[in-house]
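Novice: The following file, input-v2.csv, comprises CSV, C-alpha atoms:
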chain,number,residue,atom,x,y,z
A,857,MET,CA,-100.0,-133.9,-10.4
A,858,ALA,CA,-101.6,-136.2,-12.9
A,859,ARG,CA,-99.7,-136.1,-16.1
A,860,LEU,CA,-100.0,-137.9,-19.4
A,861,THR,CA,-97.5,-140.8,-19.1
A,862,LEU,CA,-96.1,-143.3,-21.6
A,863,ASP,CA,-97.5,-146.1,-19.3
A,864,ASP,CA,-101.0,-144.8,-19.8
A,865,LEU,CA,-100.6,-145.0,-23.6
A,866,LYS,CA,-98.9,-148.4,-23.5
A,867,LYS,CA,-101.8,-149.8,-21.5
A,868,ILE,CA,-104.3,-148.7,-24.1
A,869,LYS,CA,-102.1,-150.1,-26.8
A,870,GLU,CA,-102.1,-153.5,-25.2
A,871,LYS,CA,-105.8,-153.5,-24.7
A,872,GLN,CA,-106.5,-152.4,-28.2
A,873,LYS,CA,-104.6,-155.3,-29.8
A,874,SER,CA,-107.4,-157.7,-29.0
A,875,THR,CA,-110.2,-155.5,-30.3
A,876,PHE,CA,-108.4,-154.0,-33.2
A,877,THR,CA,-109.5,-156.4,-35.9
A,878,LEU,CA,-113.1,-155.7,-35.2
A,879,ARG,CA,-113.0,-152.2,-36.5
A,880,GLU,CA,-111.1,-152.9,-39.7
A,881,GLY,CA,-114.4,-153.3,-41.6
A,882,GLY,CA,-114.8,-149.5,-41.4
A,883,TYR,CA,-117.8,-147.8,-39.9
A,884,ARG,CA,-121.6,-148.1,-40.0
A,885,ALA,CA,-122.5,-144.5,-39.4
A,886,LYS,CA,-120.9,-141.0,-39.7
A,887,ILE,CA,-122.1,-138.0,-37.8
A,888,THR,CA,-121.0,-134.6,-39.1
A,889,VAL,CA,-121.3,-131.7,-36.7
A,890,HIS,CA,-121.4,-128.4,-38.5
A,891,MET,CA,-118.7,-126.2,-37.0
A,892,GLY,CA,-118.8,-122.9,-38.8
A,893,THR,CA,-118.6,-119.7,-36.8
A,894,CYS,CA,-122.4,-119.9,-36.6
A,895,GLY,CA,-122.5,-123.4,-35.3
A,896,ILE,CA,-119.8,-122.9,-32.8
A,897,ALA,CA,-121.5,-119.7,-31.4
A,898,ALA,CA,-124.7,-121.7,-31.1
A,899,GLY,CA,-123.2,-124.5,-29.2
A,900,ALA,CA,-121.8,-127.0,-31.7
A,901,ARG,CA,-118.9,-127.9,-29.4
A,902,ASP,CA,-121.2,-129.1,-26.7
A,903,ILE,CA,-123.1,-131.2,-29.2
A,904,MET,CA,-119.8,-132.9,-30.3
A,905,THR,CA,-118.8,-133.4,-26.7
A,906,ALA,CA,-122.2,-135.1,-26.0
A,907,LEU,CA,-121.7,-137.3,-29.0
A,908,MET,CA,-118.2,-138.3,-27.9
A,909,ASP,CA,-119.6,-139.0,-24.5
A,910,GLU,CA,-122.3,-141.3,-25.8
A,911,ILE,CA,-119.8,-143.2,-28.0
A,912,SER,CA,-117.5,-143.6,-25.1
A,913,LEU,CA,-120.2,-144.6,-22.6
A,914,GLY,CA,-121.7,-147.2,-25.1
A,915,LYS,CA,-118.3,-148.4,-26.2
A,916,VAL,CA,-119.5,-147.9,-29.7
A,917,GLU,CA,-116.9,-148.9,-32.2
A,918,ASP,CA,-118.5,-148.4,-35.6
A,919,VAL,CA,-119.6,-144.8,-35.5
A,920,ILE,CA,-117.4,-141.9,-36.4
A,921,THR,CA,-117.8,-138.2,-35.9
A,922,THR,CA,-116.4,-135.4,-38.0
A,923,THR,CA,-116.9,-131.7,-38.5
A,924,SER,CA,-117.7,-129.5,-41.5
A,925,GLY,CA,-118.2,-125.9,-42.1
A,926,CYS,CA,-121.4,-123.8,-42.3
A,927,ALA,CA,-124.2,-125.5,-44.2
A,928,GLY,CA,-126.0,-122.2,-45.0
A,929,LEU,CA,-128.7,-122.5,-42.4
A,930,CYS,CA,-127.1,-120.5,-39.6
A,931,ALA,CA,-130.4,-119.7,-37.8
A,932,ARG,CA,-131.0,-123.4,-37.2
A,933,GLU,CA,-127.6,-124.2,-35.7
A,934,PRO,CA,-126.4,-126.3,-34.0
A,935,MET,CA,-126.9,-128.8,-36.7
A,936,VAL,CA,-125.6,-132.3,-37.5
A,937,THR,CA,-125.9,-134.6,-40.4
A,938,VAL,CA,-126.4,-138.3,-39.7
A,939,GLU,CA,-125.3,-140.7,-42.4
A,940,ILE,CA,-126.0,-144.4,-41.9
A,941,MET,CA,-124.7,-146.8,-44.4
A,942,ASN,CA,-127.1,-147.3,-47.3
A,943,LYS,CA,-129.7,-144.9,-45.9
A,944,PRO,CA,-130.4,-141.4,-46.9
A,945,PRO,CA,-128.6,-138.7,-44.8
A,946,VAL,CA,-130.7,-136.8,-42.3
A,947,LYS,CA,-130.0,-133.2,-41.1
A,948,TYR,CA,-131.1,-132.2,-37.7
A,949,GLY,CA,-131.2,-128.6,-36.4
A,950,ASP,CA,-131.8,-126.5,-33.3
A,951,LEU,CA,-130.0,-129.1,-31.2
A,952,THR,CA,-129.3,-129.3,-27.5
A,953,ASP,CA,-127.4,-131.8,-25.4
A,954,ALA,CA,-130.6,-133.7,-24.6
A,955,LYS,CA,-131.8,-133.8,-28.2
A,956,ILE,CA,-128.6,-135.1,-29.6
A,957,ARG,CA,-128.5,-137.8,-27.0
A,958,GLU,CA,-132.0,-138.8,-28.0
A,959,ILE,CA,-131.0,-138.8,-31.7
A,960,PHE,CA,-128.0,-141.0,-30.8
A,961,LYS,CA,-130.1,-143.6,-29.1
A,962,GLU,CA,-133.0,-143.6,-31.5
A,963,HIS,CA,-131.4,-143.0,-34.9
A,964,ILE,CA,-127.8,-143.9,-34.8
A,965,MET,CA,-128.1,-146.9,-32.5
A,966,GLY,CA,-131.8,-147.8,-33.2
A,967,GLY,CA,-131.9,-146.9,-36.9
A,968,THR,CA,-135.1,-144.8,-36.7
A,969,PRO,CA,-134.7,-141.1,-37.7
A,970,VAL,CA,-136.2,-138.7,-35.1
A,971,ASP,CA,-138.7,-136.9,-37.3
A,972,LYS,CA,-139.5,-134.1,-34.8
A,973,TYR,CA,-136.0,-132.7,-34.9
A,974,ALA,CA,-135.2,-133.4,-38.6
A,975,LEU,CA,-134.8,-130.6,-41.0
A,976,VAL,CA,-134.1,-132.5,-44.2
A,977,ILE,CA,-134.1,-136.2,-45.1
A,978,GLY,CA,-132.2,-137.3,-48.1
A,979,SER,CA,-131.0,-135.4,-51.1
A,980,GLU,CA,-128.2,-133.5,-49.4
A,981,THR,CA,-124.8,-134.9,-48.5
A,982,THR,CA,-122.0,-133.5,-46.4
A,983,TYR,CA,-119.2,-131.7,-48.1
B,665,MET,CA,-119.0,-116.5,-28.7
B,666,GLU,CA,-119.2,-117.0,-25.0
B,667,ASP,CA,-115.5,-117.6,-24.3
B,668,LEU,CA,-112.1,-117.4,-25.9
B,669,SER,CA,-111.7,-121.2,-26.3
B,670,LEU,CA,-114.7,-121.1,-28.7
B,671,HIS,CA,-112.9,-118.4,-30.8
B,672,ILE,CA,-109.8,-120.7,-30.8
B,673,LEU,CA,-112.0,-123.6,-32.1
B,674,ASP,CA,-113.4,-121.3,-34.8
B,675,ILE,CA,-110.1,-120.0,-36.0
B,676,ALA,CA,-108.6,-123.6,-35.9
B,677,GLU,CA,-111.5,-124.7,-38.2
B,678,ASN,CA,-110.3,-122.1,-40.7
B,679,ALA,CA,-106.8,-123.7,-40.5
B,680,ILE,CA,-108.3,-127.1,-41.1
B,681,THR,CA,-110.2,-125.7,-44.2
B,682,ALA,CA,-106.8,-124.3,-45.4
B,683,GLY,CA,-105.5,-127.9,-45.5
B,684,ALA,CA,-103.1,-127.6,-42.5
B,685,THR,CA,-101.4,-130.8,-41.3
B,686,ARG,CA,-100.1,-129.2,-38.1
B,687,ILE,CA,-101.9,-126.6,-36.0
B,688,THR,CA,-100.3,-124.9,-33.0
B,689,ILE,CA,-102.4,-123.1,-30.4
B,690,ARG,CA,-100.4,-120.9,-28.1
B,691,ILE,CA,-101.9,-119.2,-25.0
B,692,VAL,CA,-99.9,-116.8,-22.9
B,693,GLU,CA,-101.4,-115.4,-19.7
B,694,ASP,CA,-99.0,-112.9,-18.3
B,695,LEU,CA,-100.5,-111.2,-15.3
B,696,ASP,CA,-97.5,-109.0,-14.5
B,697,ALA,CA,-97.7,-107.5,-18.0
B,698,ASN,CA,-101.5,-107.5,-17.8
B,699,LEU,CA,-101.6,-109.5,-21.1
B,700,PHE,CA,-103.6,-112.3,-22.4
B,701,LEU,CA,-102.4,-113.5,-25.8
B,702,MET,CA,-103.5,-116.3,-28.0
B,703,GLU,CA,-102.1,-117.4,-31.3
B,704,ILE,CA,-103.3,-120.0,-33.8
B,705,SER,CA,-100.8,-120.9,-36.4
B,706,ASP,CA,-100.9,-123.5,-39.2
B,707,ASN,CA,-99.0,-124.8,-42.1
B,708,GLY,CA,-102.0,-124.6,-44.5
B,709,ARG,CA,-102.1,-123.0,-47.8
B,710,GLY,CA,-102.0,-119.4,-46.5
B,711,MET,CA,-103.8,-116.4,-47.9
B,712,ASP,CA,-103.2,-114.5,-51.0
B,713,LYS,CA,-103.1,-110.7,-51.0
B,714,GLU,CA,-106.8,-110.2,-51.6
B,715,MET,CA,-107.9,-112.6,-48.9
B,716,TYR,CA,-105.4,-111.1,-46.4
B,717,GLU,CA,-106.7,-107.6,-47.0
B,718,HIS,CA,-110.3,-108.7,-46.6
B,719,ALA,CA,-109.7,-111.0,-43.6
B,720,CYS,CA,-111.3,-108.6,-41.1
B,721,ASP,CA,-114.2,-107.6,-43.4
B,722,PRO,CA,-117.3,-109.5,-42.3
B,723,PHE,CA,-118.8,-109.2,-45.8
B,724,TYR,CA,-115.9,-111.2,-47.3
B,725,THR,CA,-115.8,-114.9,-47.2
B,726,THR,CA,-114.4,-117.7,-49.3
B,727,ARG,CA,-117.3,-120.0,-48.8
B,728,THR,CA,-120.2,-120.3,-51.1
B,729,THR,CA,-122.9,-121.3,-48.7
B,730,ARG,CA,-123.5,-117.7,-47.4
B,731,LYS,CA,-122.3,-114.2,-48.0
B,732,VAL,CA,-120.8,-113.3,-44.6
B,733,GLY,CA,-117.7,-114.5,-42.8
B,734,LEU,CA,-117.7,-113.6,-39.2
B,735,GLY,CA,-114.9,-115.7,-37.6
B,736,ILE,CA,-112.0,-113.3,-37.7
B,737,PRO,CA,-114.1,-110.1,-37.4
B,738,LEU,CA,-115.7,-111.5,-34.2
B,739,LEU,CA,-112.3,-112.3,-32.7
B,740,ALA,CA,-111.0,-108.8,-33.7
B,741,GLN,CA,-114.0,-107.2,-32.0
B,742,ALA,CA,-113.5,-109.3,-28.8
B,743,ALA,CA,-109.9,-108.2,-28.7
B,744,ARG,CA,-110.5,-104.5,-29.5
B,745,ASP,CA,-113.2,-104.4,-26.8
B,746,CYS,CA,-110.4,-105.2,-24.3
B,747,ARG,CA,-107.8,-102.7,-25.5
B,748,GLY,CA,-106.2,-105.4,-27.6
B,749,ASP,CA,-106.0,-106.2,-31.3
B,750,ILE,CA,-105.4,-109.0,-33.7
B,751,LYS,CA,-102.5,-109.5,-36.0
B,752,ILE,CA,-102.4,-111.8,-39.1
B,753,LYS,CA,-99.3,-113.2,-40.6
B,754,THR,CA,-99.7,-115.2,-43.7
B,755,GLU,CA,-97.7,-116.5,-46.6
B,756,LYS,CA,-99.2,-118.1,-49.6
B,757,GLY,CA,-98.3,-121.8,-49.6
B,758,LYS,CA,-96.7,-121.6,-46.2
B,759,GLY,CA,-99.4,-121.1,-43.7
B,760,SER,CA,-101.0,-118.5,-41.5
B,761,ALA,CA,-100.8,-117.2,-37.9
B,762,ILE,CA,-103.5,-115.2,-36.2
B,763,THR,CA,-102.5,-113.5,-32.9
B,764,ALA,CA,-105.1,-111.9,-30.6
B,765,THR,CA,-104.1,-109.8,-27.6
B,766,PHE,CA,-106.3,-108.7,-24.7
B,767,GLN,CA,-105.8,-106.5,-21.6
B,768,TYR,CA,-105.8,-109.3,-19.1
B,769,ASN,CA,-107.9,-107.6,-16.4
B,770,HIS,CA,-110.2,-105.8,-18.7
B,771,ILE,CA,-113.8,-106.1,-17.5
B,772,ASP,CA,-115.0,-107.2,-20.9
B,773,ARG,CA,-112.3,-109.9,-21.5
B,774,LYS,CA,-114.1,-113.2,-21.9
B,775,PRO,CA,-112.7,-116.1,-19.9
B,776,LEU,CA,-110.6,-118.7,-21.6
B,777,GLY,CA,-113.4,-121.3,-21.0
B,778,ASP,CA,-113.1,-125.0,-21.6
B,779,ILE,CA,-110.0,-125.2,-23.7
B,780,GLU,CA,-109.8,-129.0,-23.1
B,781,LYS,CA,-113.1,-129.4,-24.9
B,782,THR,CA,-111.9,-127.3,-27.8
B,783,MET,CA,-108.7,-129.5,-28.0
B,784,ILE,CA,-110.5,-132.9,-27.9
B,785,VAL,CA,-113.1,-131.8,-30.4
B,786,LEU,CA,-110.3,-130.8,-32.8
B,787,ILE,CA,-108.2,-133.9,-32.1
B,788,ALA,CA,-111.0,-136.4,-32.3
B,789,SER,CA,-112.5,-135.0,-35.5
B,790,ASN,CA,-109.2,-134.6,-37.3
B,791,PRO,CA,-107.1,-137.6,-36.5
B,792,ASP,CA,-104.7,-136.9,-39.4
B,793,ILE,CA,-103.8,-133.4,-38.2
B,794,ASP,CA,-101.2,-132.8,-35.5
B,795,PHE,CA,-102.3,-130.4,-32.8
B,796,VAL,CA,-100.0,-128.6,-30.4
B,797,LEU,CA,-101.3,-126.8,-27.3
B,798,GLU,CA,-98.8,-124.5,-25.6
B,799,HIS,CA,-100.1,-122.8,-22.5
B,800,LYS,CA,-98.1,-120.4,-20.4
B,801,LYS,CA,-99.4,-118.8,-17.3
B,802,ASN,CA,-96.9,-116.6,-15.5
B,803,SER,CA,-93.9,-118.8,-15.1
B,804,GLU,CA,-95.7,-122.2,-15.5
B,805,TRP,CA,-95.7,-124.0,-18.8
B,806,TYR,CA,-97.8,-126.8,-20.4
B,807,VAL,CA,-97.2,-128.4,-23.8
B,808,LEU,CA,-99.3,-131.1,-25.5
B,809,ASP,CA,-98.2,-132.3,-28.9
B,810,THR,CA,-100.3,-135.0,-30.5
B,811,SER,CA,-97.6,-136.0,-32.9
B,812,GLU,CA,-95.6,-137.3,-29.9
B,813,ILE,CA,-98.6,-139.1,-28.6
B,814,LYS,CA,-99.2,-140.7,-32.0
B,815,LYS,CA,-95.7,-142.0,-32.1
B,816,GLU,CA,-96.3,-143.9,-28.8
B,817,LEU,CA,-99.7,-145.2,-29.9
B,818,GLY,CA,-98.5,-147.0,-33.0
B,819,ASP,CA,-101.5,-148.6,-34.6
B,820,VAL,CA,-104.0,-147.3,-32.1
B,821,PRO,CA,-105.8,-144.2,-33.5
B,822,ILE,CA,-105.5,-140.9,-31.7
B,823,ASN,CA,-109.3,-140.6,-31.7
B,824,ASN,CA,-109.7,-143.8,-29.7
B,825,MET,CA,-112.1,-142.6,-27.0
B,826,GLU,CA,-109.8,-143.8,-24.2
B,827,VAL,CA,-106.9,-141.8,-25.6
B,828,ILE,CA,-109.1,-138.8,-26.0
B,829,LYS,CA,-110.1,-139.1,-22.3
B,830,ILE,CA,-106.5,-139.2,-21.2
B,831,ILE,CA,-105.7,-136.1,-23.2
B,832,LYS,CA,-108.8,-134.3,-21.8
B,833,ASP,CA,-107.9,-135.3,-18.2
B,834,ASP,CA,-104.3,-134.2,-18.7
B,835,ILE,CA,-105.3,-130.7,-19.9
B,836,ARG,CA,-107.9,-130.4,-17.1
B,837,ALA,CA,-105.2,-131.4,-14.5
B,838,TRP,CA,-102.9,-128.7,-15.8
B,839,LEU,CA,-105.6,-126.1,-15.6
B,840,ASN,CA,-106.7,-127.1,-12.1
B,841,GLN,CA,-103.1,-127.0,-11.0
B,842,VAL,CA,-102.2,-123.6,-12.5
B,843,ASN,CA,-105.5,-121.9,-11.7
B,844,ASN,CA,-105.4,-122.9,-8.1
B,845,MET,CA,-101.9,-121.7,-7.5
B,846,ILE,CA,-101.6,-119.0,-4.9
B,847,LYS,CA,-99.7,-116.1,-6.3
Can you give me the file's structure in the form of C-alpha cells?
Specialist:
Amino acid sequence: MARLTLDDLKKIKEKQKSTFTLREGGYRAKITVHMGTCGIAAGARDIMTALMDEISLGKVEDVITTTSGCAGLCAREPMVTVEIMNKPPVKYGDLTDAKIREIFKEHIMGGTPVDKYALVIGSETTY
Amino acid sequence: MEDLSLHILDIAENAITAGATRITIRIVEDLDANLFLMEISDNGRGMDKEMYEHACDPFYTTRTTRKVGLGIPLLAQAARDCRGDIKIKTEKGKGSAITATFQYNHIDRKPLGDIEKTMIVLIASNPDIDFVLEHKKNSEWYVLDTSEIKKELGDVPINNMEVIKIIKDDIRAWLNQVNNMIK
C-alpha cells in the first residue's frame, strides 16, 4: 500500500532548496474562498480544489489561497475575493469549477478581471 | 450539505475562527456496533455559557454579517435524522469538541464523501495550524498528523503543492484500501 514516507518528503525538500529563494519576495495575488456554512453547502470546497489544481498545474509560485467566513451574501455563494497587489479587490459569485478556472487564467494570471462573473469591484476587502 | 466530510469542513472552520492551533478530526466507523461517529476537537478559545447554550439554535450566531448560524444546527439535524445526536464539550480558554453520532446503516445517513478534499483544503489554507486525522474503520486505523510532517519538511511550507498532493494521495490510498476490504 502507498503510504506517506520520509523519503517522499526528503525528495521535495531537496528539490525546494533550489527554488526557495524565488518565493521570499512574498506573493503577487491572494485568493480568498468564502467558507462559511453557506459557501461550503454551495460548493466552496470544489472551488478551492479547482484553484489548488490550477496553481499546481501551472507551477504558480506567487499566488496564495486562503479561506474566510461568510461575507453576508449567502445566495450568491460560492464566492471568492481576488486581490492582486496594488489593484482593487474583486468579488466573484455564483461560481462553478469552469468559471473559477476561467477567472484564474484571465484575472489572476492575465490581470484582467472577468466582468461577467464579478459582483463587486473595489471598496471591500477581506476580513 | 451533501456529505459528512462537508460538515467536518464546516465545523473545522469554526475551530479556525476560534483561534485553534491544533485541530483533531476523529472518524470511527464501527459496523459491528452499527455506529458512525465523528468528532472535531480543537484548542481554540472555547465557548462561554451563553454561546454553549445557544450553539444548536439556528438564530444565534457570533458573526455580524448575517443573523443566522446554521453550521451546528445542520449537523445536529443530519445526526438526529439517523437516530444519532450531537454532543458538545467546551471549556472557555481551553477548546471545544463536537461529536456527532449516526446509526451506520440508516437509510438517511449521508456518506462520508471526499474527506481527503476536506483535509487538503484545511491544511493548504491554514499552514500555521496543525491538523490531525484519525480514521478508524472496524479494526483498521489511519492517522495523519501534519505537525510530524512539518518537522520532516523543515523550511519547506506544508502548503507546497507537491506536499499537498502527497498528503491527498496518502489519504486516498488508505480509503481505497479500507473500503475495498472484504469483510
Novice: Measuring between only C-alpha atoms, which one of A:Ala974, A:Ile956, A:Ile940, A:Met908 shows the shortest distance to chain B?
Specialist: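 Selected residue with least distance to chain B: A:Met908.
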Novice: Could you name the residues that touch Ile750 of chain B at 10 Å or less, counting all atoms listed in the file, but leaving out those on the same chain fewer than 4 positions away, as a ChimeraX atom specification?
Specialist: /B:701-703,720,736-737,739-744,762-766
Novice: Report as JSON, numbers by chain all protein, DNA and RNA residues lying within 12 Å of Ile675 of chain B, evaluated on all atoms listed in the file, omitting residues in the same chain fewer than 6 positions from it.
Specialist: {"A": [891, 892, 893, 896, 925], "B": [668, 669, 681, 682, 687, 688, 689, 702, 703, 704, 705, 706, 719, 733, 734, 735, 736, 737, 738, 739, 740, 752, 760, 761, 762, 763, 764, 782, 786]}
Novice: Take the selection from the previous step and output its residues with C-alpha atoms, as a CSV table (one decimal), in the frame of the given file.
Specialist:
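In the end it all went to result-v4.csv:
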chain,number,residue,atom,x,y,z
A,891,MET,CA,-118.7,-126.2,-37.0
A,892,GLY,CA,-118.8,-122.9,-38.8
A,893,THR,CA,-118.6,-119.7,-36.8
A,896,ILE,CA,-119.8,-122.9,-32.8
A,925,GLY,CA,-118.2,-125.9,-42.1
B,668,LEU,CA,-112.1,-117.4,-25.9
B,669,SER,CA,-111.7,-121.2,-26.3
B,681,THR,CA,-110.2,-125.7,-44.2
B,682,ALA,CA,-106.8,-124.3,-45.4
B,687,ILE,CA,-101.9,-126.6,-36.0
B,688,THR,CA,-100.3,-124.9,-33.0
B,689,ILE,CA,-102.4,-123.1,-30.4
B,702,MET,CA,-103.5,-116.3,-28.0
B,703,GLU,CA,-102.1,-117.4,-31.3
B,704,ILE,CA,-103.3,-120.0,-33.8
B,705,SER,CA,-100.8,-120.9,-36.4
B,706,ASP,CA,-100.9,-123.5,-39.2
B,719,ALA,CA,-109.7,-111.0,-43.6
B,733,GLY,CA,-117.7,-114.5,-42.8
B,734,LEU,CA,-117.7,-113.6,-39.2
B,735,GLY,CA,-114.9,-115.7,-37.6
B,736,ILE,CA,-112.0,-113.3,-37.7
B,737,PRO,CA,-114.1,-110.1,-37.4
B,738,LEU,CA,-115.7,-111.5,-34.2
B,739,LEU,CA,-112.3,-112.3,-32.7
B,740,ALA,CA,-111.0,-108.8,-33.7
B,752,ILE,CA,-102.4,-111.8,-39.1
B,760,SER,CA,-101.0,-118.5,-41.5
B,761,ALA,CA,-100.8,-117.2,-37.9
B,762,ILE,CA,-103.5,-115.2,-36.2
B,763,THR,CA,-102.5,-113.5,-32.9
B,764,ALA,CA,-105.1,-111.9,-30.6
B,782,THR,CA,-111.9,-127.3,-27.8
B,786,LEU,CA,-110.3,-130.8,-32.8
Novice: Skipping near chain neighbours, those fewer than 6 positions away, what residues fall within 12 Å of segment 803-805 of chain B using all atoms listed in the file, listed as a VMD selection string?
Specialist: chain B and resid 690 to 696 797 835 838 to 839 841 to 843 845 847
Novice: Given a cut-off of 10 Å, which residues of chain A touch chain B, counting all atoms listed in the file, written out as JSON, numbers by chain?
Specialist: {"A": [857, 858, 859, 860, 861, 862, 863, 864, 865, 866, 867, 868, 869, 870, 871, 872, 873, 876, 888, 889, 891, 892, 893, 894, 895, 896, 897, 898, 899, 900, 901, 902, 904, 905, 908, 909, 911, 912, 913, 915, 916, 917, 920, 921, 922, 923, 924, 925, 926, 927, 928, 929, 930]}
Novice: So what do you get for atom CA of Val936 of chain A versus atom CA of Ala676 of chain B, distance-wise?
Specialist: 19.2 Å
Novice: How far is it from atom CA of Ile787 of chain B to atom CA of Ile903 of chain A, in Å with one decimal?
Specialist: 15.4 Å
Novice: Rounded to one decimal in Å, what is the spacing between atom CA of Gly949 of chain A and atom CA of Lys961 of chain A?
Specialist: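 We find that atom CA of Gly949 of chain A and atom CA of Lys961 of chain A lie 16.7 Å from each other.
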Novice: Between A:His890, A:Arg884, A:Lys972, A:Arg957, which residue has the minimum interatomic distance to Met935 of chain A, considering all atoms listed in the file?
Specialist: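 Closest to Met935 of chain A, using all atoms listed in the file: A:His890.
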Novice: Can you pull out the residues contacting Lys713 of chain B? Cut-off 10 Å, using only C-alpha atoms, and skip same-chain residues under 6 positions away; I want them as a list of chain:residue names.
Specialist: B:Ala719, B:Thr754, B:Glu755, B:Lys756
Novice: Which residues come within 12 Å of Ala885 of chain A, counting all atoms listed in the file, excluding same-chain residues fewer than 6 positions away, as a list in words?
Specialist: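 After dropping sequence-adjacent residues, the list is Ile911, Val916, Glu917, Asp918, Val919, Ile920, Thr921, Thr922, Thr937, Val938, Glu939, Ile940, Met941, Asn942, Lys943, Pro944, Pro945, Val946, Phe960, His963, Ile964, Met965, Gly966 and Gly967 of chain A.
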Novice: Compare A:Glu910, A:Pro969, A:Ile887, A:Ala931 by their minimum atom-to-atom distance to Asp953 of chain A, counting all atoms listed in the file, and give me the closest one.
Specialist: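 Residue with the minimum atom-to-atom distance to Asp953 of chain A: A:Glu910.
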